[in-house]
$ cat data_39.cif   # mmCIF, C-alpha atoms and all ligand atoms
data_input
loop_
_atom_site.label_atom_id
_atom_site.label_comp_id
_atom_site.auth_asym_id
_atom_site.auth_seq_id
_atom_site.Cartn_x
_atom_site.Cartn_y
_atom_site.Cartn_z
CA MET A 2 -60.66 -47.40 -40.07
CA LEU A 3 -58.69 -50.68 -40.19
CA TYR A 4 -59.15 -52.88 -43.23
CA VAL A 5 -57.43 -56.25 -43.52
CA LYS A 6 -58.00 -57.94 -46.87
CA ASP A 7 -56.95 -61.43 -47.95
CA LEU A 8 -53.91 -61.42 -45.65
CA HIS A 9 -51.44 -64.26 -46.15
CA LYS A 10 -48.39 -64.85 -43.98
CA SER A 11 -46.05 -67.86 -43.89
CA TYR A 12 -42.96 -68.69 -41.86
CA MET A 13 -39.96 -70.50 -43.29
CA SER A 14 -38.24 -73.35 -41.52
CA GLY A 15 -35.25 -74.54 -43.50
CA LYS A 16 -36.57 -74.94 -47.03
CA LYS A 17 -40.14 -75.56 -45.91
CA THR A 18 -42.87 -72.91 -45.87
CA TYR A 19 -45.49 -72.99 -43.13
CA PRO A 20 -48.58 -70.93 -43.97
CA VAL A 21 -50.04 -69.35 -40.81
CA LEU A 22 -52.49 -66.74 -42.12
CA LYS A 23 -54.36 -68.09 -45.13
CA GLY A 24 -56.46 -65.24 -46.44
CA ILE A 25 -57.79 -63.22 -43.48
CA SER A 26 -60.25 -60.40 -44.16
CA PHE A 27 -62.03 -58.18 -41.64
CA SER A 28 -62.43 -54.54 -40.73
CA VAL A 29 -62.63 -52.49 -37.54
CA ALA A 30 -64.64 -49.26 -37.45
CA LYS A 31 -63.66 -46.11 -35.55
CA GLY A 32 -64.71 -46.41 -31.93
CA GLU A 33 -65.14 -50.20 -32.05
CA PHE A 34 -63.78 -52.57 -29.39
CA VAL A 35 -63.02 -55.88 -31.13
CA ALA A 36 -61.49 -59.10 -29.80
CA VAL A 37 -59.63 -61.79 -31.72
CA MET A 38 -59.88 -65.26 -30.22
CA GLY A 39 -58.79 -68.70 -31.36
CA PRO A 40 -56.87 -71.81 -30.36
CA SER A 41 -53.16 -71.69 -29.66
CA GLY A 42 -51.25 -71.51 -32.93
CA SER A 43 -54.22 -70.17 -34.94
CA GLY A 44 -52.22 -67.06 -35.88
CA LYS A 45 -53.54 -64.37 -33.51
CA SER A 46 -50.16 -62.88 -32.56
CA THR A 47 -48.96 -63.17 -36.15
CA LEU A 48 -51.99 -61.16 -37.25
CA LEU A 49 -51.32 -58.48 -34.63
CA ASN A 50 -47.63 -58.35 -35.60
CA CYS A 51 -48.56 -57.79 -39.26
CA ILE A 52 -50.91 -54.92 -38.32
CA SER A 53 -48.21 -53.53 -35.97
CA CYS A 54 -45.82 -53.36 -38.96
CA TYR A 55 -43.38 -55.65 -37.10
CA ILE A 56 -43.36 -58.47 -39.64
CA PRO A 57 -43.78 -58.44 -43.41
CA PHE A 58 -46.54 -60.44 -45.11
CA GLU A 59 -46.62 -61.96 -48.60
CA GLN A 60 -50.08 -61.22 -49.86
CA GLY A 61 -53.09 -59.04 -49.10
CA THR A 62 -53.52 -55.49 -47.86
CA ILE A 63 -53.72 -53.76 -44.48
CA THR A 64 -55.09 -50.22 -44.56
CA LEU A 65 -54.97 -48.10 -41.42
CA GLY A 66 -56.77 -44.74 -41.43
CA GLY A 67 -56.55 -44.59 -45.22
CA THR A 68 -52.85 -45.55 -45.45
CA GLU A 69 -51.92 -48.86 -46.99
CA LEU A 70 -49.06 -50.40 -45.00
CA ARG A 71 -47.65 -52.63 -47.71
CA GLY A 72 -44.76 -51.05 -49.54
CA LEU A 73 -43.97 -48.41 -46.89
CA SER A 74 -40.31 -47.88 -45.97
CA GLU A 75 -38.93 -48.86 -42.53
CA ASN A 76 -38.93 -45.18 -41.53
CA GLU A 77 -42.54 -44.73 -42.59
CA LEU A 78 -43.58 -47.88 -40.70
CA ALA A 79 -41.74 -46.69 -37.57
CA LYS A 80 -43.60 -43.38 -37.82
CA ILE A 81 -46.93 -45.24 -38.01
CA ARG A 82 -46.00 -47.34 -34.96
CA ASN A 83 -45.06 -44.24 -32.99
CA GLU A 84 -47.86 -41.94 -34.04
CA LYS A 85 -50.84 -43.98 -35.19
CA LEU A 86 -50.74 -47.09 -33.00
CA GLY A 87 -50.90 -47.63 -29.26
CA PHE A 88 -49.71 -50.90 -27.72
CA VAL A 89 -50.71 -52.85 -24.62
CA PHE A 90 -48.76 -56.05 -23.86
CA GLN A 91 -49.41 -58.99 -21.55
CA ASP A 92 -46.40 -58.14 -19.37
CA PHE A 93 -47.13 -54.38 -19.15
CA MET A 94 -43.69 -53.24 -20.46
CA LEU A 95 -43.46 -50.29 -18.07
CA LEU A 96 -40.12 -48.66 -17.30
CA ASP A 97 -39.21 -49.46 -13.68
CA GLY A 98 -37.29 -46.23 -13.10
CA LEU A 99 -40.19 -43.98 -14.10
CA THR A 100 -43.31 -43.13 -12.12
CA VAL A 101 -46.81 -44.01 -13.32
CA ARG A 102 -47.27 -40.50 -14.71
CA GLU A 103 -43.88 -40.51 -16.42
CA ASN A 104 -44.57 -43.94 -17.94
CA ILE A 105 -47.84 -42.66 -19.38
CA LEU A 106 -45.93 -39.81 -21.03
CA VAL A 107 -43.21 -42.04 -22.57
CA PRO A 108 -44.65 -41.97 -26.15
CA ARG A 109 -44.63 -38.15 -25.98
CA ILE A 110 -41.08 -38.14 -24.57
CA ILE A 111 -39.99 -40.32 -27.53
CA GLN A 112 -41.56 -37.83 -29.91
CA GLY A 113 -39.93 -34.93 -28.02
CA ASN A 114 -43.40 -33.50 -27.75
CA ILE A 115 -44.31 -32.90 -24.11
CA ASP A 116 -46.50 -29.83 -23.95
CA THR A 117 -49.21 -28.66 -21.57
CA LYS A 118 -51.82 -30.43 -23.68
CA ALA A 119 -50.00 -33.79 -23.28
CA ALA A 120 -49.59 -33.24 -19.54
CA LEU A 121 -53.29 -32.40 -19.24
CA LEU A 122 -54.27 -35.53 -21.20
CA ALA A 123 -52.02 -37.66 -18.94
CA ASP A 124 -53.80 -36.19 -15.90
CA GLN A 125 -57.22 -36.87 -17.44
CA LEU A 126 -56.23 -40.46 -18.24
CA THR A 127 -55.09 -41.16 -14.68
CA VAL A 128 -58.47 -39.93 -13.41
CA LEU A 129 -60.41 -41.88 -16.08
CA PHE A 130 -58.65 -45.13 -15.14
CA GLY A 131 -58.66 -44.60 -11.36
CA ILE A 132 -54.87 -44.37 -11.03
CA ASP A 133 -54.55 -40.66 -10.17
CA HIS A 134 -53.82 -41.46 -6.51
CA ILE A 135 -50.77 -43.56 -7.49
CA GLN A 136 -49.39 -41.40 -10.28
CA ASN A 137 -46.15 -40.66 -8.41
CA LYS A 138 -45.51 -44.29 -7.50
CA TYR A 139 -43.16 -46.64 -9.34
CA PRO A 140 -44.33 -49.85 -11.12
CA ALA A 141 -42.77 -52.08 -8.43
CA ASP A 142 -45.02 -50.46 -5.80
CA ILE A 143 -48.39 -50.91 -7.51
CA SER A 144 -50.63 -53.90 -8.34
CA GLY A 145 -50.75 -55.78 -11.66
CA GLY A 146 -54.12 -54.25 -12.55
CA GLU A 147 -52.79 -50.76 -11.79
CA ARG A 148 -49.72 -51.45 -13.95
CA GLN A 149 -51.87 -52.53 -16.86
CA ARG A 150 -54.19 -49.53 -16.49
CA THR A 151 -51.04 -47.38 -16.61
CA ALA A 152 -50.11 -49.17 -19.85
CA VAL A 153 -53.59 -48.54 -21.27
CA ALA A 154 -53.24 -44.82 -20.41
CA ARG A 155 -49.80 -44.80 -22.09
CA SER A 156 -51.28 -46.36 -25.23
CA LEU A 157 -53.76 -43.47 -25.47
CA VAL A 158 -51.51 -40.48 -24.76
CA ASN A 159 -50.70 -40.00 -28.47
CA ASN A 160 -54.37 -40.16 -29.48
CA PRO A 161 -53.61 -43.16 -31.74
CA LEU A 162 -55.90 -44.34 -34.52
CA LEU A 163 -55.84 -47.87 -33.13
CA ILE A 164 -54.84 -49.62 -29.91
CA LEU A 165 -53.45 -53.13 -30.31
CA ALA A 166 -53.64 -55.19 -27.13
CA ASP A 167 -52.00 -58.64 -26.96
CA GLU A 168 -53.42 -60.71 -24.08
CA PRO A 169 -53.75 -57.62 -21.84
CA THR A 170 -55.37 -59.62 -19.02
CA GLY A 171 -53.20 -62.73 -19.42
CA ASN A 172 -51.17 -62.04 -16.26
CA LEU A 173 -54.03 -60.78 -14.10
CA ASP A 174 -56.57 -62.26 -11.72
CA SER A 175 -60.24 -61.91 -12.63
CA LYS A 176 -60.84 -58.80 -10.49
CA SER A 177 -57.87 -56.92 -11.98
CA SER A 178 -58.78 -58.17 -15.46
CA ARG A 179 -62.17 -56.58 -15.11
CA THR A 180 -60.71 -53.18 -14.17
CA VAL A 181 -58.42 -53.31 -17.22
CA ILE A 182 -61.23 -54.27 -19.59
CA GLU A 183 -63.38 -51.54 -18.08
CA SER A 184 -60.57 -49.07 -18.80
CA PHE A 185 -60.75 -50.07 -22.49
CA GLU A 186 -64.52 -49.62 -22.34
CA ASN A 187 -64.05 -46.15 -20.82
CA ALA A 188 -61.50 -45.24 -23.49
CA LYS A 189 -64.02 -46.26 -26.13
CA LYS A 190 -66.92 -44.41 -24.55
CA GLN A 191 -65.11 -41.23 -23.45
CA MET A 192 -62.47 -40.91 -26.19
CA ASN A 193 -63.99 -42.87 -29.08
CA ALA A 194 -60.87 -45.09 -28.95
CA THR A 195 -60.62 -48.03 -31.36
CA ILE A 196 -59.26 -51.23 -29.83
CA LEU A 197 -58.24 -54.59 -31.30
CA MET A 198 -57.48 -57.09 -28.56
CA VAL A 199 -56.15 -60.65 -28.76
CA THR A 200 -57.36 -62.72 -25.83
CA HIS A 201 -57.87 -66.29 -24.64
CA ASP A 202 -60.37 -65.10 -22.07
CA SER A 203 -64.01 -65.27 -23.15
CA PHE A 204 -65.05 -63.16 -20.14
CA SER A 205 -62.81 -60.29 -21.29
CA ALA A 206 -63.97 -60.74 -24.89
CA SER A 207 -67.62 -60.53 -23.81
CA PHE A 208 -67.13 -56.81 -23.09
CA CYS A 209 -66.33 -56.21 -26.78
CA ASP A 210 -68.64 -55.06 -29.57
CA ARG A 211 -67.51 -57.89 -31.79
CA VAL A 212 -65.38 -61.03 -31.58
CA ILE A 213 -63.47 -62.52 -34.50
CA LEU A 214 -62.78 -66.25 -34.10
CA LEU A 215 -59.66 -67.49 -35.90
CA LYS A 216 -59.01 -71.11 -36.65
CA ASP A 217 -56.18 -72.58 -38.70
CA GLY A 218 -55.27 -69.19 -40.14
CA ILE A 219 -58.71 -68.18 -41.40
CA VAL A 220 -61.68 -66.32 -39.91
CA TYR A 221 -63.88 -69.12 -38.63
CA ARG A 222 -66.68 -66.82 -37.48
CA GLU A 223 -67.49 -63.25 -36.39
CA LEU A 224 -69.91 -62.62 -33.54
CA GLN A 225 -71.56 -59.26 -32.95
CA ARG A 226 -72.71 -58.29 -29.45
CA LEU A 227 -76.30 -57.18 -29.69
CA GLY A 228 -77.52 -57.14 -26.12
CA ARG A 229 -76.39 -57.86 -22.60
CA ARG A 230 -72.79 -58.81 -21.89
CA SER A 231 -73.75 -62.00 -20.07
CA ALA A 232 -75.82 -63.22 -23.05
CA PHE A 233 -72.90 -62.43 -25.37
CA HIS A 234 -70.60 -64.39 -23.07
CA ASP A 235 -72.90 -67.44 -23.38
CA GLN A 236 -73.00 -67.01 -27.15
CA LEU A 237 -69.19 -66.86 -27.26
CA LEU A 238 -68.78 -69.99 -25.12
CA THR A 239 -71.14 -71.89 -27.44
CA ALA A 240 -69.29 -70.74 -30.57
CA ILE A 241 -65.90 -71.67 -29.05
CA LYS A 242 -67.25 -75.09 -28.10
CA GLU A 243 -68.57 -75.60 -31.63
CA MET A 244 -65.22 -74.52 -33.07
CA SER A 245 -63.37 -77.04 -30.88
CA GLY A 246 -65.95 -79.72 -31.69
CA ASP A 247 -65.29 -79.29 -35.40
CA GLU A 248 -61.78 -80.56 -34.73
CA LEU A 249 -62.96 -83.90 -33.34
N1 LIG B 301 -41.15 -66.31 -35.95
C1 LIG B 301 -41.70 -67.49 -36.24
N2 LIG B 301 -41.07 -68.40 -37.01
C2 LIG B 301 -41.63 -69.57 -37.33
N3 LIG B 301 -42.86 -69.95 -36.92
C3 LIG B 301 -43.55 -69.10 -36.14
C4 LIG B 301 -43.00 -67.82 -35.75
N4 LIG B 301 -43.93 -67.18 -34.98
C5 LIG B 301 -44.98 -68.03 -34.89
N5 LIG B 301 -44.76 -69.16 -35.57
C6 LIG B 301 -45.70 -70.29 -35.72
O1 LIG B 301 -46.87 -69.79 -36.36
C7 LIG B 301 -48.05 -70.36 -35.79
C8 LIG B 301 -48.97 -69.26 -35.29
O2 LIG B 301 -48.32 -68.61 -34.21
P1 LIG B 301 -49.01 -67.39 -33.42
O3 LIG B 301 -48.08 -67.03 -32.32
O4 LIG B 301 -49.44 -66.35 -34.37
O5 LIG B 301 -50.31 -68.12 -32.85
P2 LIG B 301 -51.29 -67.66 -31.67
O6 LIG B 301 -52.67 -67.94 -32.17
O7 LIG B 301 -50.99 -66.26 -31.27
O8 LIG B 301 -50.89 -68.69 -30.54
P3 LIG B 301 -50.95 -68.53 -28.93
O9 LIG B 301 -52.40 -68.44 -28.60
O10 LIG B 301 -50.34 -69.80 -28.44
O11 LIG B 301 -50.17 -67.32 -28.55
C9 LIG B 301 -47.58 -71.32 -34.70
O12 LIG B 301 -47.56 -72.61 -35.24
C10 LIG B 301 -46.18 -70.84 -34.38
O13 LIG B 301 -45.36 -71.89 -33.95
#
$ encode --input "data_39.cif" --output "structure tokens"
Amino acid sequence: MLYVKDLHKSYMSGKKTYPVLKGISFSVAKGEFVAVMGPSGSGKSTLLNCISCYIPFEQGTITLGGTELRGLSENELAKIRNEKLGFVFQDFMLLDGLTVRENILVPRIIQGNIDTKAALLADQLTVLFGIDHIQNKYPADISGGERQRTAVARSLVNNPLLILADEPTGNLDSKSSRTVIESFENAKKQMNATILMVTHDSFSASFCDRVILLKDGIVYRELQRLGRRSAFHDQLLTAIKEMSGDEL
């Protein structure tokens, strides 16, 4: 569903070029929940921004649902962002003047496409994520976990091919983090949603099917969850420790 092949991305500072992504390749299958982890500066956000069509890259290919992103016009990229991708950010990015239900429907409002089907899906999403009782409240009057679950519902209301989540639990306590990660799990199980999540939190990552470890702009290792979450968490902690140890 998502194929990233030999991706290279550098930033310029004055006349100097700083390579950040140095040939990243991986894929994400339909219905997979995948985390990207790695030390600060390893290129996680840069990778997500390339897949989001927000920044250009010099070399390699990104193919989303059969469409290669390289070479598309700004209009075509904007269409992909609006119709094929769903976004969840660390700081929720909800509109304060809209209710929970209205926030969930924002992508449809942007498309000018609010029909009974969209309204029904919004209702189903509020039930699925346990926020139906607060759907008429405003973001200021609900908890952080409820805000992020609203954002997860919003990311799904267009039935996107892929949800990109950048540190979705970064501003939450562990209890709220768990409810947000469980909402991704529910989206995967109930709607066959495909999720790529950048996180620093190994506990959140342990709920995923697979974790991609980035280091210095390359894929250091990929770990597949085969059994219990707690065992996968231990496996992740060991791999992260080994990755840090390699630096010494
Ligand atoms: N717009 C930019 N211009 C120049 N350099 C940048 C830009 N954005 C990021 N960088 C640099 O690229 C490197 C990778 O940054 P990136 O934000 O992708 O890392 P990250 O793994 O997401 O880090 P963190 O975990 O701290 O968020 C860093 O050294 C950063 O300073």
$ residues_around --input "data_39.cif" --residues "range 14-27 of chain A" --least-positions-apart "2" --cutoff "6 Å" --atoms "only C-alpha atoms" --output "ChimeraX atom specification"
/A:5-12,44,218-219
$ residues_near_ligand --input "data_39.cif" --ligand "ligand LIG 301 (chain B)" --cutoff "7 Å" --atoms "only C-alpha atoms and all ligand atoms" --output "short mmCIF file (atom, residue, chain, number, x, y, z; two decimals) with C-alpha atoms, keeping the file's coordinate frame"
data_model
loop_
_atom_site.label_atom_id
_atom_site.label_comp_id
_atom_site.auth_asym_id
_atom_site.auth_seq_id
_atom_site.Cartn_x
_atom_site.Cartn_y
_atom_site.Cartn_z
CA TYR A 12 -42.96 -68.69 -41.86
CA MET A 13 -39.96 -70.50 -43.29
CA SER A 14 -38.24 -73.35 -41.52
CA VAL A 21 -50.04 -69.35 -40.81
CA GLY A 39 -58.79 -68.70 -31.36
CA PRO A 40 -56.87 -71.81 -30.36
CA SER A 41 -53.16 -71.69 -29.66
CA GLY A 42 -51.25 -71.51 -32.93
CA SER A 43 -54.22 -70.17 -34.94
CA GLY A 44 -52.22 -67.06 -35.88
CA LYS A 45 -53.54 -64.37 -33.51
CA SER A 46 -50.16 -62.88 -32.56
CA THR A 47 -48.96 -63.17 -36.15
CA LEU A 48 -51.99 -61.16 -37.25
#
$ residues_around --input "data_39.cif" --residues "range 142-148 of chain A" --least-positions-apart "2" --cutoff "12 Å" --atoms "only C-alpha atoms" --output "number ranges by chain"
A: 89-102, 104-105, 127, 130-140, 150-155, 169-184
$ write_last_selection --input "data_39.cif" --atoms "C-alpha atoms" --output "PDB file, keeping the file's coordinate frame"
ATOM      1  CA  VAL A  89     -50.710 -52.850 -24.620  1.00  0.00           C
ATOM      2  CA  PHE A  90     -48.760 -56.050 -23.860  1.00  0.00           C
ATOM      3  CA  GLN A  91     -49.410 -58.990 -21.550  1.00  0.00           C
ATOM      4  CA  ASP A  92     -46.400 -58.140 -19.370  1.00  0.00           C
ATOM      5  CA  PHE A  93     -47.130 -54.380 -19.150  1.00  0.00           C
ATOM      6  CA  MET A  94     -43.690 -53.240 -20.460  1.00  0.00           C
ATOM      7  CA  LEU A  95     -43.460 -50.290 -18.070  1.00  0.00           C
ATOM      8  CA  LEU A  96     -40.120 -48.660 -17.300  1.00  0.00           C
ATOM      9  CA  ASP A  97     -39.210 -49.460 -13.680  1.00  0.00           C
ATOM     10  CA  GLY A  98     -37.290 -46.230 -13.100  1.00  0.00           C
ATOM     11  CA  LEU A  99     -40.190 -43.980 -14.100  1.00  0.00           C
ATOM     12  CA  THR A 100     -43.310 -43.130 -12.120  1.00  0.00           C
ATOM     13  CA  VAL A 101     -46.810 -44.010 -13.320  1.00  0.00           C
ATOM     14  CA  ARG A 102     -47.270 -40.500 -14.710  1.00  0.00           C
ATOM     15  CA  ASN A 104     -44.570 -43.940 -17.940  1.00  0.00           C
ATOM     16  CA  ILE A 105     -47.840 -42.660 -19.380  1.00  0.00           C
ATOM     17  CA  THR A 127     -55.090 -41.160 -14.680  1.00  0.00           C
ATOM     18  CA  PHE A 130     -58.650 -45.130 -15.140  1.00  0.00           C
ATOM     19  CA  GLY A 131     -58.660 -44.600 -11.360  1.00  0.00           C
ATOM     20  CA  ILE A 132     -54.870 -44.370 -11.030  1.00  0.00           C
ATOM     21  CA  ASP A 133     -54.550 -40.660 -10.170  1.00  0.00           C
ATOM     22  CA  HIS A 134     -53.820 -41.460  -6.510  1.00  0.00           C
ATOM     23  CA  ILE A 135     -50.770 -43.560  -7.490  1.00  0.00           C
ATOM     24  CA  GLN A 136     -49.390 -41.400 -10.280  1.00  0.00           C
ATOM     25  CA  ASN A 137     -46.150 -40.660  -8.410  1.00  0.00           C
ATOM     26  CA  LYS A 138     -45.510 -44.290  -7.500  1.00  0.00           C
ATOM     27  CA  TYR A 139     -43.160 -46.640  -9.340  1.00  0.00           C
ATOM     28  CA  PRO A 140     -44.330 -49.850 -11.120  1.00  0.00           C
ATOM     29  CA  ARG A 150     -54.190 -49.530 -16.490  1.00  0.00           C
ATOM     30  CA  THR A 151     -51.040 -47.380 -16.610  1.00  0.00           C
ATOM     31  CA  ALA A 152     -50.110 -49.170 -19.850  1.00  0.00           C
ATOM     32  CA  VAL A 153     -53.590 -48.540 -21.270  1.00  0.00           C
ATOM     33  CA  ALA A 154     -53.240 -44.820 -20.410  1.00  0.00           C
ATOM     34  CA  ARG A 155     -49.800 -44.800 -22.090  1.00  0.00           C
ATOM     35  CA  PRO A 169     -53.750 -57.620 -21.840  1.00  0.00           C
ATOM     36  CA  THR A 170     -55.370 -59.620 -19.020  1.00  0.00           C
ATOM     37  CA  GLY A 171     -53.200 -62.730 -19.420  1.00  0.00           C
ATOM     38  CA  ASN A 172     -51.170 -62.040 -16.260  1.00  0.00           C
ATOM     39  CA  LEU A 173     -54.030 -60.780 -14.100  1.00  0.00           C
ATOM     40  CA  ASP A 174     -56.570 -62.260 -11.720  1.00  0.00           C
ATOM     41  CA  SER A 175     -60.240 -61.910 -12.630  1.00  0.00           C
ATOM     42  CA  LYS A 176     -60.840 -58.800 -10.490  1.00  0.00           C
ATOM     43  CA  SER A 177     -57.870 -56.920 -11.980  1.00  0.00           C
ATOM     44  CA  SER A 178     -58.780 -58.170 -15.460  1.00  0.00           C
ATOM     45  CA  ARG A 179     -62.170 -56.580 -15.110  1.00  0.00           C
ATOM     46  CA  THR A 180     -60.710 -53.180 -14.170  1.00  0.00           C
ATOM     47  CA  VAL A 181     -58.420 -53.310 -17.220  1.00  0.00           C
ATOM     48  CA  ILE A 182     -61.230 -54.270 -19.590  1.00  0.00           C
ATOM     49  CA  GLU A 183     -63.380 -51.540 -18.080  1.00  0.00           C
ATOM     50  CA  SER A 184     -60.570 -49.070 -18.800  1.00  0.00           C
TER      51      SER A 184
END
$ atom_distance --input "data_39.cif" --atom1 "CA of Lys80 in chain A" --atom2 "CA of Gln149 in chain A"
24.3 Å
$ closest_residue --input "data_39.cif" --among "A:Leu165, A:Cys51, A:Ala194, A:Leu73" --to "Leu86 in chain A" --atoms "all atoms listed in the file"
A:Leu165
$ residues_around --input "data_39.cif" --residues "range 239-247 of chain A" --least-positions-apart "3" --cutoff "8 Å" --atoms "all atoms listed in the file" --output "number ranges by chain"
A: 216, 221, 235-236
$ closest_residue --input "data_39.cif" --among "A:Leu157, A:Ser28, A:Leu163, A:Phe208" --to "Val220 in chain A" --atoms "only C-alpha atoms"
A:Ser28
$ atom_distance --input "data_39.cif" --atom1 "CA of Val212 in chain A" --atom2 "CA of Gln225 in chain A"
6.6 Å
$ closest_residue --input "data_39.cif" --among "A:Ile115, A:Leu106, A:Ala120, A:Ala36" --to "Ser156 in chain A" --atoms "all atoms listed in the file"
A:Leu106
$ closest_residue --input "data_39.cif" --among "A:Pro57, A:Ser231, A:Asn83, A:Met2" --to "Arg71 in chain A" --atoms "all atoms listed in the file"
A:Pro57
$ closest_residue --input "data_39.cif" --among "A:Arg222, A:Asn50, A:Leu129, A:Asn159" --to "Lys189 in chain A" --atoms "only C-alpha atoms"
A:Leu129
$ atom_distance --input "data_39.cif" --atom1 "CA of Thr64 in chain A" --atom2 "CA of Ile196 in chain A"
15.3 Å
